[in-house]
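Here is the structure we will look at.
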Amino acid sequence: MEQLMKGVSRFRDAVYPEHKQRLETLGRDGQSPTTLMISCSDSRVVPELITQSQPGELFVIRNAGNIVPPWQRVNGGVTSTIEYAVMGLGVTDIVICGHADCGAMKAHFAPEGALDAMPSVKEWIGHSTAAHSVIEACCGSADDGEKLDRLVEENVILQLTHLRSHPCVAAALAKGELRLHGWVFDISEGAIRALDGESGKFRRMEDPQHPVPVADFGGHRQQAREAA
């Protein structure tokens, strides 16, 4: 806490003056972010730092494993925040961002019973079980590091599928008002791999002049508009 208080003091004395006008405007007029980022709670993954976003630009959900539970009629923090971001704030993009060396994904490779002392964690990680099943079925000969890297990617894909089950997201996609993105952050290299929906592959984001890959698995949005 001593370190945190020193940080608060530095913010007030050195950082706040640089952002004073912007923060005063945000405090007076409210927020209007265009992007929701769903990332892991891992202390090494800081969405605002990775994207170099300013206050008011990025709406963020952080939880263990960057997980989005499938929609159901049970209130929850992730579900409610997604609904508010899409319907209340009108975000145009949602990014699910996994990362290398993810502890939540490592838990799938833990010995049987290792999570019994943390039943809430065990149940939460269950929302990524299908991704682990893919790895077990398709990557049996890979080493542990390769399996983990693949699991991180498969989990991002799975959570995007869960995200589409939320009514507000499905409706916004059908109307062409929302784009979904899947990212993986390499901590040691500071690089992002983004899911290309056309190829189904993650590719490194190198040139900011190139279009950002969209995780669009087919033409469901166009089909929905044509059907309407």
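Each chain in the structure tokens gets a letter, A, B, ..., in the order shown, and its residues are numbered from 1; ligands are numbered from 1 in order too.
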Can you write out as a tab-separated table which residues of stretch 71-177 of chain A fall within 10 Å of stretch 42-65 of chain A, alongside each residue's closest atom pair and its distance in Å to one decimal, counting only C-alpha atoms and ordering rows by chain and ascending residue number?
```
residue	atom	partner	partner_atom	distance
A:Gly77	CA	A:Ile61	CA	9.1
A:Val78	CA	A:Ile61	CA	7.1
A:Thr81	CA	A:Ile61	CA	7.5
A:Ile82	CA	A:Ile61	CA	8.5
A:Ala85	CA	A:Phe59	CA	7.5
A:Leu89	CA	A:Phe59	CA	9.3
A:Val91	CA	A:Phe59	CA	8.7
A:Ile94	CA	A:Phe59	CA	9.4
A:Val95	CA	A:Val60	CA	9.6
A:Ile96	CA	A:Ile61	CA	9.4
A:Cys97	CA	A:Pro47	CA	8.7
A:Gly98	CA	A:Gly65	CA	7.1
A:His99	CA	A:Val45	CA	7.6
A:Ala100	CA	A:Val45	CA	9.8
A:Asp101	CA	A:Asp42	CA	9.8
A:Cys102	CA	A:Gly65	CA	7.1
A:Gly103	CA	A:Gly65	CA	7.7
A:Ala104	CA	A:Gly65	CA	5.1
A:Met105	CA	A:Gly65	CA	6.7
A:Lys106	CA	A:Gly65	CA	9.9
A:Val121	CA	A:Ala64	CA	8.4
A:Trp124	CA	A:Ala64	CA	8.2
A:Ile125	CA	A:Gly65	CA	7.4
A:His127	CA	A:Gly65	CA	9.3
A:Ser128	CA	A:Gly65	CA	8.3
A:Val152	CA	A:Gly65	CA	8.7
A:Asn155	CA	A:Gly65	CA	8.3
A:Val156	CA	A:Gly65	CA	9.1
A:Gln159	CA	A:Gly65	CA	9.7
```
**Asked** A:Arg73: which residues within 12 Å, counting only C-alpha atoms, same-chain residues fewer than 6 positions away excluded, as a ChimeraX atom specification?
**Response** /A:79-80,165-167
**Request:** Any chance you could list, as JSON, numbers by chain, the residues in stretch 26-218 of chain A that come up strand (DSSP E) when DSSP is run on the backbone?
**Result:** {"A": [35, 36, 37, 38, 39, 40, 58, 59, 60, 61, 62, 63, 93, 94, 95, 96, 97, 98, 99, 179, 180, 181, 182, 183, 184, 185, 186, 191, 192, 193, 194, 195, 196, 201, 202, 203, 204]}
**Prompt:** Where in stretch 40-154 of chain A does DSSP assign helix (DSSP H, G or I), given as a PyMOL selection string?
**Reply:** chain A and resi 47-51+77-88+103-109+119-138+144-154
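The spacing separating atom CA of A:Ala194 from atom CA of A:Gly145 amounts to 19.6 Å.
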Any chance you could tabulate, as a tab-separated table, the residues of stretch 132-209 of chain A at most 12 Å from stretch 28-39 of chain A with each one's nearest atom pair and distance in Å to one decimal, using only C-alpha atoms, in chain and rising number order?
```
residue	atom	partner	partner_atom	distance
A:Val152	CA	A:Ser39	CA	11.9
A:Asn155	CA	A:Ser39	CA	11.8
A:Val156	CA	A:Ser39	CA	9.9
A:Gln159	CA	A:Ile38	CA	9.8
A:Leu160	CA	A:Ile38	CA	10.3
A:Leu163	CA	A:Ile38	CA	10.4
A:Val169	CA	A:Leu36	CA	11.9
A:Glu177	CA	A:Thr34	CA	11.4
A:Leu178	CA	A:Thr35	CA	9.8
A:Arg179	CA	A:Thr35	CA	9.6
A:Leu180	CA	A:Leu36	CA	9.7
A:His181	CA	A:Met37	CA	9.2
A:Gly182	CA	A:Ile38	CA	9.7
A:Trp183	CA	A:Ser39	CA	9.3
A:Val184	CA	A:Ser39	CA	9.6
A:Phe185	CA	A:Ser39	CA	9.8
```
**Nearest to A:Ala171, chosen from A:Asp13, A:Glu83, A:Asp116, A:Glu18, with only C-alpha atoms counted in the distances** =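 Ranked by minimum distance to A:Ala171, first place goes to A:Glu83.
Atom CA of A:Glu146 lies 17.5 Å from atom CA of A:Thr129.
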**Message:** Applying 7 Å and only C-alpha atoms, which residues near A:Leu151 remain after dropping the ones on its own chain fewer than 3 positions away? List them as a VMD selection string.
**Reply:** chain A and resid 105 131 to 132 135 147 to 148 154 to 155
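In this comparison, which uses only C-alpha atoms, the residue of A:Pro213, A:Gly7, A:Gly126, A:Gly200 approaching A:Pro70 most closely is A:Gly126.
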**Prompt:** Which residue out of A:Leu115, A:Ala14, A:Ile67, A:Val8 has the minimum interatomic distance to A:His162 when only C-alpha atoms are used?
**Reply:**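 Closest to A:His162, using only C-alpha atoms: A:Ile67.
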**Asked** In Å, with one decimal, what is the gap from atom CA of A:Pro111 to atom CA of A:Asn66?
**Response**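 Atom CA of A:Asn66 lies 22.4 Å from atom CA of A:Pro111.
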